[in-house]
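Novice: Sending over entry32.txt (compact mmCIF, C-alpha atoms).
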```txt
# COMPACT_ATOMS: atom_id res chain seq x y z
CA MET G 522 20.55 -7.54 13.16
CA LYS G 523 19.34 -4.27 14.60
CA GLN G 524 15.59 -4.12 15.01
CA ALA G 525 13.80 -1.19 13.41
CA LYS G 526 11.69 0.95 15.70
CA GLY G 527 7.98 0.75 14.92
CA THR G 528 5.48 3.55 15.11
CA GLY G 529 2.66 1.32 16.35
CA THR G 530 2.06 -1.65 18.60
CA LEU G 531 -0.26 -3.62 16.34
CA SER G 532 0.98 -6.12 13.80
CA LEU G 533 -0.18 -6.01 10.19
CA HIS G 534 -2.43 -8.98 10.88
CA ALA G 535 -4.02 -7.25 13.88
CA ARG G 536 -4.45 -3.97 12.00
CA LEU G 537 -6.09 -5.63 9.01
CA LEU G 538 -8.31 -7.77 11.22
CA THR G 539 -9.33 -4.75 13.31
CA SER G 540 -10.15 -2.75 10.18
CA ALA G 541 -12.08 -5.67 8.70
CA THR G 542 -14.02 -6.07 11.98
CA ILE G 543 -15.00 -2.40 12.05
CA VAL G 544 -16.05 -2.42 8.38
CA LEU G 545 -17.90 -5.72 8.76
CA PHE G 546 -19.87 -4.67 11.84
CA ALA G 547 -20.65 -1.30 10.29
CA PHE G 548 -21.90 -3.05 7.14
CA PHE G 549 -24.01 -5.59 9.03
CA GLY G 550 -25.28 -2.86 11.37
CA LEU G 551 -26.47 -0.70 8.48
CA THR G 552 -27.85 -3.77 6.70
CA GLY G 553 -29.72 -4.81 9.86
CA LEU G 554 -31.22 -1.34 10.29
CA ALA G 555 -32.28 -1.22 6.64
CA LEU G 556 -33.88 -4.68 6.81
CA ASN G 557 -35.56 -3.87 10.13
CA ASN G 558 -37.03 -0.64 8.74
CA ALA G 559 -38.18 -2.38 5.57
CA PHE G 560 -39.82 -5.19 7.56
CA TYR G 561 -41.43 -2.71 9.96
CA THR G 562 -42.87 -0.70 7.07
CA SER G 563 -44.15 -3.75 5.20
CA THR G 564 -45.66 -5.26 8.37
CA GLU G 565 -47.37 -1.99 9.27
CA THR G 566 -48.75 -1.72 5.74
CA ALA G 567 -50.10 -5.26 5.95
CA PHE G 568 -51.60 -4.44 9.37
CA LYS G 569 -53.41 -1.41 7.95
CA GLU G 570 -54.60 -3.34 4.90
CA ALA G 571 -56.07 -5.98 7.22
CA LEU G 572 -58.02 -3.27 9.06
CA GLN G 573 -59.16 -1.88 5.76
CA SER G 574 -60.47 -5.29 4.69
CA HIS G 575 -62.43 -5.52 7.95
CA ILE G 576 -63.96 -2.10 7.20
CA TYR G 577 -65.02 -3.30 3.77
CA THR G 578 -66.44 -6.48 5.30
CA LEU G 579 -68.54 -4.43 7.74
CA LEU G 580 -69.70 -2.13 4.96
CA ALA G 581 -70.76 -5.11 2.90
CA ALA G 582 -72.69 -6.61 5.83
CA ALA G 583 -74.35 -3.34 6.95
CA GLU G 584 -77.82 -2.33 5.85
CA LEU G 585 -80.63 0.05 6.87
CA ASP G 586 -83.72 -1.26 8.56
CA GLU G 587 -87.26 -0.06 7.90
CA ASN G 588 -86.66 2.93 10.16
CA ASN G 589 -83.54 3.90 8.20
CA LYS G 590 -81.35 2.80 11.09
CA LEU G 591 -78.08 1.05 10.43
CA GLN G 592 -77.90 -2.56 11.50
CA LEU G 593 -75.38 -5.38 11.16
CA PRO G 594 -75.96 -9.11 11.47
CA ALA G 595 -75.28 -10.88 14.74
CA GLU G 596 -72.75 -13.19 13.12
CA LEU G 597 -70.04 -11.29 11.33
CA PRO G 598 -67.63 -12.65 8.70
CA ALA G 599 -64.64 -12.00 11.06
CA PRO G 600 -65.06 -14.40 14.02
CA GLN G 601 -62.73 -12.24 16.19
CA LEU G 602 -65.35 -9.48 16.25
CA SER G 603 -67.72 -11.82 18.06
CA LEU G 604 -65.17 -12.95 20.67
CA PRO G 605 -64.83 -10.62 23.71
CA GLY G 606 -61.28 -9.39 24.28
CA SER G 607 -60.03 -10.90 21.02
CA GLY G 608 -57.99 -7.80 20.16
CA LEU G 609 -60.08 -6.89 17.11
CA TYR G 610 -62.81 -4.33 17.76
CA ALA G 611 -65.38 -2.49 15.70
CA MET G 612 -68.11 0.08 16.22
CA VAL G 613 -70.16 2.56 14.26
CA LEU G 614 -70.99 6.16 15.22
CA ASP G 615 -73.55 8.35 13.57
CA ASP G 616 -73.04 11.95 12.53
CA LYS G 617 -73.73 13.04 16.13
CA ASN G 618 -70.97 10.76 17.47
CA LYS G 619 -73.54 8.50 19.09
CA MET G 620 -72.71 4.82 19.01
CA THR G 621 -75.05 3.03 16.63
CA TRP G 622 -73.40 -0.40 16.80
CA ARG G 623 -70.47 -2.14 18.46
CA SER G 624 -69.02 -5.59 18.11
CA ARG G 625 -69.28 -8.13 20.93
CA SER G 626 -65.44 -8.15 21.12
CA THR G 627 -65.52 -4.69 22.76
CA LEU G 628 -67.28 -6.02 25.85
CA GLY G 629 -65.05 -5.74 28.88
CA THR G 630 -62.29 -3.86 27.03
CA LYS G 631 -60.79 -0.42 27.39
CA PHE G 632 -61.89 0.56 23.91
CA ASN G 633 -63.71 3.80 24.71
CA PRO G 634 -65.10 5.76 21.78
CA GLN G 635 -65.32 8.94 23.83
CA VAL G 636 -61.57 8.75 24.50
CA ASP G 637 -60.06 6.80 21.64
CA LEU G 638 -62.18 7.97 18.75
CA VAL G 639 -63.06 11.55 19.55
CA ASP G 640 -60.18 12.82 17.41
CA LEU G 641 -61.37 10.73 14.49
CA ALA G 642 -65.10 11.17 14.65
CA GLY G 643 -66.37 13.36 11.86
CA VAL G 644 -62.84 14.27 10.72
CA PRO G 645 -62.44 12.02 7.71
CA ALA G 646 -64.28 13.04 4.60
CA ILE G 647 -66.72 10.61 3.14
CA GLY G 648 -64.93 7.73 1.51
CA LYS G 649 -61.54 8.60 3.12
CA ARG G 650 -59.59 6.54 5.63
CA LYS G 651 -57.85 7.89 8.71
CA TYR G 652 -55.53 5.96 11.04
CA LYS G 653 -54.65 6.64 14.66
CA PHE G 654 -52.49 4.86 17.23
CA SER G 655 -54.31 4.89 20.57
CA GLN G 656 -53.79 2.89 23.77
CA ASP G 657 -51.63 0.22 22.08
CA MET G 658 -54.16 -0.07 19.28
CA LEU G 659 -54.30 0.99 15.67
CA VAL G 660 -57.66 2.52 14.82
CA LEU G 661 -59.05 2.97 11.30
CA ALA G 662 -61.97 5.32 10.70
CA PHE G 663 -64.02 5.35 7.51
CA THR G 664 -66.98 7.68 6.95
CA THR G 665 -69.73 6.80 4.56
CA SER G 666 -73.22 8.11 3.72
CA TRP G 667 -76.47 6.22 3.09
CA GLU G 668 -79.01 8.00 0.97
CA THR G 669 -82.66 7.05 0.79
CA ASP G 670 -85.64 8.64 -0.84
CA THR G 671 -86.47 10.50 2.33
CA SER G 672 -83.16 11.00 4.16
CA GLN G 673 -79.39 10.92 4.11
CA ASN G 674 -77.51 9.26 7.00
CA THR G 675 -73.80 9.56 7.67
CA TYR G 676 -71.93 6.88 9.64
CA THR G 677 -68.34 6.45 10.65
CA PHE G 678 -67.06 2.90 10.91
CA TYR G 679 -64.25 2.25 13.34
CA VAL G 680 -62.08 -0.85 13.41
CA ALA G 681 -59.31 -1.19 15.98
CA GLU G 682 -56.81 -3.96 16.53
CA SER G 683 -54.35 -4.50 19.34
CA LEU G 684 -50.74 -3.69 18.47
CA GLN G 685 -49.38 -6.52 20.57
CA PRO G 686 -49.33 -9.05 17.70
CA PHE G 687 -47.68 -6.42 15.54
CA LYS G 688 -45.08 -5.73 18.23
CA ASN G 689 -44.48 -9.43 18.81
CA GLN G 690 -43.95 -9.95 15.11
CA ILE G 691 -41.45 -7.08 14.97
CA GLN G 692 -39.62 -8.33 18.07
CA ASP G 693 -39.41 -11.88 16.74
CA PHE G 694 -38.09 -10.61 13.44
CA GLN G 695 -35.51 -8.39 15.15
CA LYS G 696 -34.38 -11.24 17.36
CA ASP G 697 -33.92 -13.58 14.40
CA LEU G 698 -32.38 -10.82 12.26
CA TRP G 699 -29.67 -9.82 14.74
CA PHE G 700 -29.02 -13.44 15.70
CA TRP G 701 -28.32 -14.46 12.13
CA LEU G 702 -26.50 -11.26 11.20
CA GLY G 703 -24.32 -11.58 14.31
CA GLY G 704 -23.63 -15.23 13.56
CA ALA G 705 -22.77 -14.40 9.96
CA ALA G 706 -20.47 -11.58 11.10
CA ILE G 707 -18.62 -13.86 13.54
CA LEU G 708 -18.30 -16.56 10.89
CA LEU G 709 -17.03 -14.07 8.31
CA LEU G 710 -14.55 -12.67 10.84
CA ALA G 711 -13.21 -16.14 11.49
CA VAL G 712 -12.90 -16.77 7.75
CA GLN G 713 -11.35 -13.32 7.26
CA GLY G 714 -8.85 -13.99 10.03
CA SER G 715 -7.85 -17.29 8.39
CA ILE G 716 -7.54 -15.61 4.99
CA LEU G 717 -5.41 -12.80 6.43
CA ARG G 718 -3.18 -15.26 8.25
CA TRP G 719 -2.72 -17.27 5.06
CA SER G 720 -2.18 -14.11 2.96
CA LEU G 721 0.44 -12.70 5.35
CA SER G 722 2.29 -16.00 5.81
CA PRO G 723 4.91 -15.03 3.13
CA LEU G 724 5.87 -12.01 5.27
CA ARG G 725 6.35 -14.28 8.26
CA GLN G 726 8.40 -16.58 6.04
CA VAL G 727 10.63 -13.64 5.05
CA THR G 728 11.10 -12.84 8.75
CA ARG G 729 12.10 -16.43 9.51
CA ASP G 730 14.47 -16.53 6.54
CA LEU G 731 16.11 -13.28 7.65
CA ALA G 732 16.55 -14.79 11.12
CA ASP G 733 18.23 -17.82 9.49
CA ILE G 734 20.57 -15.47 7.60
CA GLU G 735 21.37 -13.63 10.83
CA ALA G 736 22.09 -16.95 12.55
CA GLY G 737 24.35 -18.00 9.68
CA ARG G 738 22.25 -21.01 8.65
CA VAL G 739 21.69 -19.70 5.10
CA LYS G 740 23.33 -17.04 2.95
CA ASN G 741 20.36 -15.48 1.19
CA LEU G 742 16.58 -15.47 0.80
CA ALA G 743 15.81 -18.53 -1.29
CA GLY G 744 12.11 -19.11 -0.57
CA ASP G 745 9.31 -19.27 -3.14
CA TYR G 746 7.81 -15.86 -2.44
CA PRO G 747 4.74 -14.26 -4.08
CA VAL G 748 5.35 -11.92 -6.98
CA GLU G 749 4.48 -8.89 -4.80
CA LEU G 750 7.42 -9.68 -2.49
CA ARG G 751 9.99 -10.69 -5.09
CA GLY G 752 11.12 -7.11 -5.67
CA LEU G 753 11.73 -6.75 -1.93
CA THR G 754 13.44 -10.11 -1.50
CA ASN G 755 15.60 -9.62 -4.63
CA ASN G 756 16.73 -6.21 -3.35
CA LEU G 757 17.44 -7.70 0.07
CA ASN G 758 19.48 -10.47 -1.54
CA GLN G 759 21.45 -7.89 -3.54
CA LEU G 760 21.97 -5.85 -0.39
CA ILE G 761 23.19 -8.93 1.50
CA ALA G 762 25.46 -9.91 -1.40
CA SER G 763 26.84 -6.36 -1.55
CA ALA G 764 27.53 -6.37 2.20
CA GLN G 765 29.24 -9.75 1.95
CA ALA G 766 31.29 -8.59 -1.05
CA ASN G 767 32.33 -5.42 0.81
CA LEU G 768 33.35 -7.47 3.84
CA LEU G 769 35.37 -9.82 1.64
CA ARG G 770 36.95 -6.85 -0.13
CA TYR G 771 37.98 -5.31 3.19
CA ARG G 772 39.50 -8.60 4.31
CA ASN G 773 41.33 -9.05 1.01
CA SER G 774 42.54 -5.46 1.10
CA LEU G 775 43.94 -5.92 4.60
CA GLY G 776 45.69 -9.09 3.44
CA ASP G 777 47.01 -7.29 0.36
CA VAL G 778 48.28 -4.40 2.49
CA ALA G 779 50.09 -6.77 4.83
CA HIS G 780 51.55 -8.71 1.91
CA SER G 781 52.53 -5.62 -0.07
CA LEU G 782 54.24 -3.95 2.88
CA LYS G 783 56.51 -6.92 3.53
CA THR G 784 58.92 -6.08 0.73
CA PRO G 785 59.50 -2.36 1.52
CA LEU G 786 59.74 -3.15 5.21
CA ALA G 787 62.32 -5.85 4.48
CA VAL G 788 64.31 -3.39 2.36
CA LEU G 789 64.23 -0.80 5.17
CA ARG G 790 65.26 -3.39 7.74
CA ALA G 791 68.15 -4.51 5.56
CA ALA G 792 69.27 -0.91 4.98
CA ILE G 793 69.16 -0.12 8.69
CA GLU G 794 71.07 -3.29 9.63
CA ASN G 795 73.68 -2.74 6.93
CA LYS G 796 76.90 -2.09 8.78
CA ASN G 797 78.63 -0.91 5.65
CA ASP G 798 76.30 2.07 5.17
CA ASP G 799 77.36 3.96 2.09
CA GLY G 800 75.16 6.98 2.85
CA ASN G 801 72.16 5.85 0.82
CA LEU G 802 69.94 5.11 3.84
CA HIS G 803 68.06 8.39 3.52
CA GLU G 804 67.31 7.84 -0.16
CA ILE G 805 66.33 4.21 0.39
CA ALA G 806 64.05 5.15 3.29
CA LYS G 807 62.36 7.87 1.26
CA ASP G 808 61.73 5.54 -1.70
CA GLN G 809 60.31 2.78 0.49
CA VAL G 810 58.13 5.15 2.55
CA ASP G 811 56.72 6.62 -0.67
CA ARG G 812 56.10 3.10 -1.92
CA MET G 813 54.30 2.13 1.28
CA ALA G 814 52.20 5.29 1.17
CA ASN G 815 51.14 4.47 -2.41
CA ILE G 816 50.29 0.92 -1.38
CA VAL G 817 48.17 2.12 1.56
CA ASP G 818 46.39 4.77 -0.57
CA TYR G 819 45.61 2.27 -3.29
CA GLN G 820 44.30 -0.40 -0.93
CA LEU G 821 42.17 2.10 0.97
CA GLN G 822 40.61 3.34 -2.25
CA ARG G 823 40.09 -0.21 -3.42
CA ALA G 824 38.46 -1.24 -0.14
CA ALA G 825 36.18 1.83 -0.23
CA THR G 826 34.67 0.81 -3.57
CA SER G 827 30.97 0.40 -2.95
CA GLY G 828 30.10 -1.84 -5.87
CA ARG G 829 26.59 -2.57 -7.05
CA THR G 830 24.10 -1.86 -4.29
CA THR G 831 20.32 -1.55 -4.07
CA LEU G 832 18.13 1.11 -2.51
CA THR G 833 20.61 3.84 -3.49
CA THR G 834 19.72 7.22 -4.94
CA PRO G 835 20.40 7.28 -8.73
CA VAL G 836 23.20 9.63 -9.81
CA ASN G 837 22.74 11.93 -12.79
CA LEU G 838 25.53 11.06 -15.23
CA LEU G 839 25.60 14.33 -17.19
CA GLU G 840 25.73 16.43 -14.03
CA LYS G 841 28.72 14.55 -12.59
CA THR G 842 30.51 14.51 -15.94
CA ASN G 843 30.21 18.29 -16.25
CA GLN G 844 31.38 18.65 -12.65
CA VAL G 845 34.56 16.63 -13.25
CA ILE G 846 35.35 18.31 -16.59
CA SER G 847 34.85 21.77 -15.06
CA ALA G 848 37.36 20.94 -12.32
CA LEU G 849 39.94 19.53 -14.76
CA GLN G 850 39.68 22.55 -17.03
CA LYS G 851 40.75 24.66 -14.08
CA VAL G 852 43.68 22.31 -13.45
CA HIS G 853 44.82 22.50 -17.10
CA PRO G 854 44.13 26.11 -18.10
CA GLU G 855 47.11 26.17 -20.44
CA LYS G 856 45.41 23.65 -22.76
CA GLN G 857 42.60 24.86 -24.99
CA ILE G 858 40.75 21.55 -24.81
CA SER G 859 37.46 21.04 -26.62
CA THR G 860 35.21 18.60 -24.77
CA GLU G 861 32.19 17.11 -26.53
CA ILE G 862 29.68 15.46 -24.25
CA LYS G 863 27.14 13.09 -25.79
CA ILE G 864 25.06 12.18 -22.76
CA ASN G 865 21.32 12.50 -22.37
CA LYS G 866 20.32 14.79 -19.51
CA ASN G 867 18.12 12.10 -17.91
CA GLU G 868 20.66 9.25 -17.90
CA ILE G 869 21.49 7.89 -14.47
CA PHE G 870 24.15 5.72 -12.86
CA THR G 871 22.60 3.16 -10.51
CA GLY G 872 25.40 2.97 -8.00
CA ASP G 873 27.48 4.91 -5.53
CA GLU G 874 28.21 8.54 -6.41
CA GLY G 875 31.80 8.20 -5.14
CA ASP G 876 32.45 5.25 -7.47
CA LEU G 877 31.17 7.20 -10.48
CA LEU G 878 33.31 10.23 -9.59
CA GLU G 879 36.34 7.95 -9.17
CA ILE G 880 35.80 6.45 -12.63
CA LEU G 881 35.20 9.78 -14.35
CA GLY G 882 37.98 11.51 -12.43
CA ASN G 883 40.68 8.98 -13.29
CA LEU G 884 39.72 8.47 -16.93
CA LEU G 885 39.14 12.14 -17.72
CA GLU G 886 42.32 13.16 -15.88
CA ASN G 887 44.30 10.81 -18.11
CA ALA G 888 42.48 12.17 -21.17
CA PHE G 889 43.33 15.76 -20.18
CA LYS G 890 46.97 14.80 -19.61
CA TRP G 891 47.47 13.01 -22.92
CA CYS G 892 45.14 14.76 -25.38
CA GLN G 893 46.18 17.44 -27.83
CA SER G 894 42.99 19.48 -27.99
CA GLU G 895 39.88 17.27 -28.15
CA ILE G 896 38.03 14.89 -25.84
CA ILE G 897 34.72 13.10 -26.44
CA VAL G 898 32.59 11.62 -23.68
CA GLN G 899 29.56 9.60 -24.72
CA SER G 900 27.27 7.01 -23.24
CA VAL G 901 24.82 4.28 -24.18
CA ALA G 902 21.76 3.85 -21.95
CA SER G 903 18.89 1.42 -21.56
CA ASN G 904 15.71 2.81 -19.99
CA GLU G 905 17.83 5.87 -19.07
CA LYS G 906 20.24 3.67 -17.07
CA LEU G 907 23.92 3.79 -17.97
CA ARG G 908 25.05 0.67 -19.81
CA GLU G 909 28.19 1.88 -21.62
CA LEU G 910 30.57 4.80 -21.03
CA ILE G 911 33.13 5.80 -23.69
CA ILE G 912 35.93 8.36 -23.25
CA GLU G 913 38.31 9.10 -26.12
CA ASP G 914 40.91 11.73 -26.97
CA ASP G 915 43.23 12.83 -29.78
CA GLY G 916 46.46 12.08 -27.95
CA PRO G 917 49.25 9.67 -28.91
CA GLY G 918 47.11 6.66 -28.00
CA ILE G 919 48.09 3.40 -26.31
CA SER G 920 49.94 0.63 -28.08
CA LYS G 921 48.59 -2.92 -28.12
CA GLU G 922 51.49 -4.02 -25.96
CA SER G 923 50.73 -1.40 -23.30
CA ALA G 924 46.96 -1.92 -23.49
CA SER G 925 47.26 -5.20 -21.60
CA GLU G 926 49.44 -3.68 -18.87
CA ILE G 927 48.03 -0.23 -18.13
CA PHE G 928 45.47 -1.68 -15.68
CA ASN G 929 48.19 -3.29 -13.58
CA ARG G 930 48.81 -1.55 -10.29
CA GLY G 931 51.82 0.77 -10.48
CA HIS G 932 52.21 0.59 -14.26
CA ARG G 933 52.77 3.94 -15.99
CA ALA G 934 52.71 4.30 -19.77
CA ASP G 935 55.11 7.25 -19.65
CA GLU G 936 57.38 7.78 -16.65
CA THR G 937 57.81 11.44 -17.60
CA ILE G 938 54.16 12.16 -16.88
CA GLU G 939 53.32 12.79 -13.23
CA GLY G 940 51.38 10.01 -11.50
CA GLN G 941 51.58 6.82 -9.45
CA GLY G 942 50.15 4.28 -11.88
CA LEU G 943 47.18 3.46 -9.63
CA GLY G 944 44.27 5.24 -11.35
CA LEU G 945 43.40 2.75 -14.10
CA SER G 946 43.90 -0.19 -11.75
CA LEU G 947 41.46 1.39 -9.30
CA VAL G 948 38.97 2.07 -12.12
CA GLN G 949 39.18 -1.58 -13.15
CA ASP G 950 38.51 -2.72 -9.57
CA ILE G 951 35.45 -0.45 -9.35
CA VAL G 952 34.08 -1.63 -12.71
CA GLN G 953 34.57 -5.27 -11.75
CA ALA G 954 32.75 -4.61 -8.48
CA TYR G 955 29.74 -3.69 -10.65
CA ASP G 956 30.17 -6.88 -12.74
CA GLY G 957 31.28 -4.70 -15.63
CA SER G 958 34.21 -4.76 -18.05
CA ILE G 959 36.75 -2.21 -19.27
CA ALA G 960 38.69 -2.21 -22.52
CA VAL G 961 41.01 0.13 -24.41
CA ASP G 962 41.48 0.53 -28.14
CA LYS G 963 42.27 3.22 -30.71
CA SER G 964 39.94 6.18 -31.13
CA PRO G 965 38.95 7.64 -34.52
CA LEU G 966 40.43 10.87 -33.13
CA GLY G 967 43.84 9.18 -33.14
CA GLY G 968 44.25 8.71 -29.39
CA ALA G 969 43.01 6.19 -26.87
CA ARG G 970 39.41 5.11 -26.37
CA ILE G 971 38.37 3.66 -23.03
CA ARG G 972 35.12 1.70 -23.14
CA ILE G 973 33.33 0.60 -19.96
CA ARG G 974 30.32 -1.73 -20.10
CA PHE G 975 27.93 -2.36 -17.22
CA ILE G 976 25.58 -5.32 -17.05
```
With the file now loaded, output its structure as structure tokens.
Specialist:
Amino acid sequence: MKQAKGTGTLSLHARLLTSATIVLFAFFGLTGLALNNAFYTSTETAFKEALQSHIYTLLAAAELDENNKLQLPAELPAPQLSLPGSGLYAMVLDDKNKMTWRSRSTLGTKFNPQVDLVDLAGVPAIGKRKYKFSQDMLVLAFTTSWETDTSQNTYTFYVAESLQPFKNQIQDFQKDLWFWLGGAAILLLAVQGSILRWSLSPLRQVTRDLADIEAGRVKNLAGDYPVELRGLTNNLNQLIASAQANLLRYRNSLGDVAHSLKTPLAVLRAAIENKNDDGNLHEIAKDQVDRMANIVDYQLQRAATSGRTTLTTPVNLLEKTNQVISALQKVHPEKQISTEIKINKNEIFTGDEGDLLEILGNLLENAFKWCQSEIIVQSVASNEKLRELIIEDDGPGISKESASEIFNRGHRADETIEGQGLGLSLVQDIVQAYDGSIAVDKSPLGGARIRIRFI
């Protein structure tokens, strides 16, 4: 079997798996980014809310002394503020940006109000919060005012926390996120690969079955294929059966030719070897050569019959009928023949165009020869596919005795009419190749009616 040339190097399995891999990694990549952004935002919000709670804690603990100076207790509610280098820092500046108070955690650190807080000092309005990232820290500033009977004091509370815990939390989450997403992607790819292999196994089975047919181990595709492949396998089986039938028909035709030529060849040999030649050799030779030519023509036409095939282009029945009738009207201009065609314009013949033209040509030619003045061509279709073709005329008709013989090769109903007696026999062979049947009876017009049925 000749291998079809492909346009790509990847199998269907590889193409589907590659596409699924790209889609899967794109999906998990976008999902990972979305989850990472959501976690980052929620963690940052929680980080800021924690700083805000520390501000409120300091505000609750702060009070003015007898000199209207702000003071905070030595022991604060947040133990980290009392531990040097803990990562949580706090201080208070007055309205002149002078440090009024600082937590013990700022001792020995790089938390410098002149550097880190200068952009925040005095900027927030009273009661408003302002955040700033500075030197790997997140700083929250909150300005408030204390009013007494004699004065009004404004203070800005600053709370800063190291970003390292925040960064570590983000990194740990990202590590776990991509680990699990990557593992899930690999697992899904493995499952997807198994599913694809199982789903495409019927195609591999078809390939193996075709190889068995090519090797001669089986004659057709007989596996239990999925419904999506049954149309393909059924058409392939019909194609294989058609090819086998054509091969058998060619072999039979060659045998028939050899068998049919024996008799005229024997007659010629006998005439040539006849020593008492009475002058009839020329006439005998002509008759036998004509007979052999008819035999060869008939067998060639019979062998060329395509029969029912699949994957062929449908043939428009009305178009071909008009084509044949138009040609025959030119052949018989002396007859004023009325032809009535009862065929729907969308009806089709699902077979070889040459076979249809052979059927129409032979039957309509006989109708034109024998009719008086009227011919009717009609059809019966199912889902616009030809199922029955009827051709009738108003000629003398065909007797019941002749009806059983007119399809025999070489039989002629009237020897005075030109012809070789092969047309109806050839039509019968073509119809049988399509598993159809042909019959003849009397037409209401008075002549013959030929009825062909296709399965």
Novice: So what do you get for CA of Tyr561 (chain G) versus CA of Asp693 (chain G), distance-wise?
Specialist: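 Interatomic distance here is 11.6 Å.
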Novice: With only C-alpha atoms as the atoms that count, which of G:Asn843, G:Asn618, G:Thr552, G:Thr871 lies nearest to Leu698 (chain G)?
Specialist: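 Of G:Asn843, G:Asn618, G:Thr552, G:Thr871, the one nearest Leu698 (chain G) is G:Thr552, counting only C-alpha atoms.
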Novice: Which neighbours of region 567-583 of chain G fall inside 9 Å, counting only C-alpha atoms, when residues of the same chain fewer than 3 positions from it are skipped, and could you give them as an NGL selection string?
Specialist: :G and (562-564 or 591-594 or 597-599 or 611 or 650 or 652 or 659-663 or 665 or 678-682 or 687)
Novice: Show which residues sit within 7 Å of Ala969 (chain G), as a tab-separated table (two decimals) with C-alpha atoms, in the coordinates of the input. Count all atoms listed in the file, and ignore same-chain residues fewer than 3 positions away.
Specialist:
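out.tsv was written with the following content:
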```tsv
chain	number	residue	atom	x	y	z
G	913	GLU	CA	38.31	9.10	-26.12
G	914	ASP	CA	40.91	11.73	-26.97
G	916	GLY	CA	46.46	12.08	-27.95
G	918	GLY	CA	47.11	6.66	-28.00
G	919	ILE	CA	48.09	3.40	-26.31
G	961	VAL	CA	41.01	0.13	-24.41
G	962	ASP	CA	41.48	0.53	-28.14
G	963	LYS	CA	42.27	3.22	-30.71
G	964	SER	CA	39.94	6.18	-31.13
```
Novice: Using only C-alpha atoms, determine which residues lie at most 6 Å from Thr677 (chain G), disregarding the query and same-chain residues fewer than 2 positions distant; provide the list as a CSV table (one decimal) with C-alpha atoms, keeping the file's coordinate frame.
Specialist:
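After the write, out28.csv holds the following:
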```csv
chain,number,residue,atom,x,y,z
G,613,VAL,CA,-70.2,2.6,14.3
G,614,LEU,CA,-71.0,6.2,15.2
G,663,PHE,CA,-64.0,5.4,7.5
G,664,THR,CA,-67.0,7.7,7.0
```
Novice: Please indicate the distance in Å from CA of Ala806 (chain G) to CA of Ser946 (chain G), rounded to one decimal place.
Specialist: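 Answer for the CA of Ala806 (chain G) to CA of Ser946 (chain G) separation: 25.7 Å.
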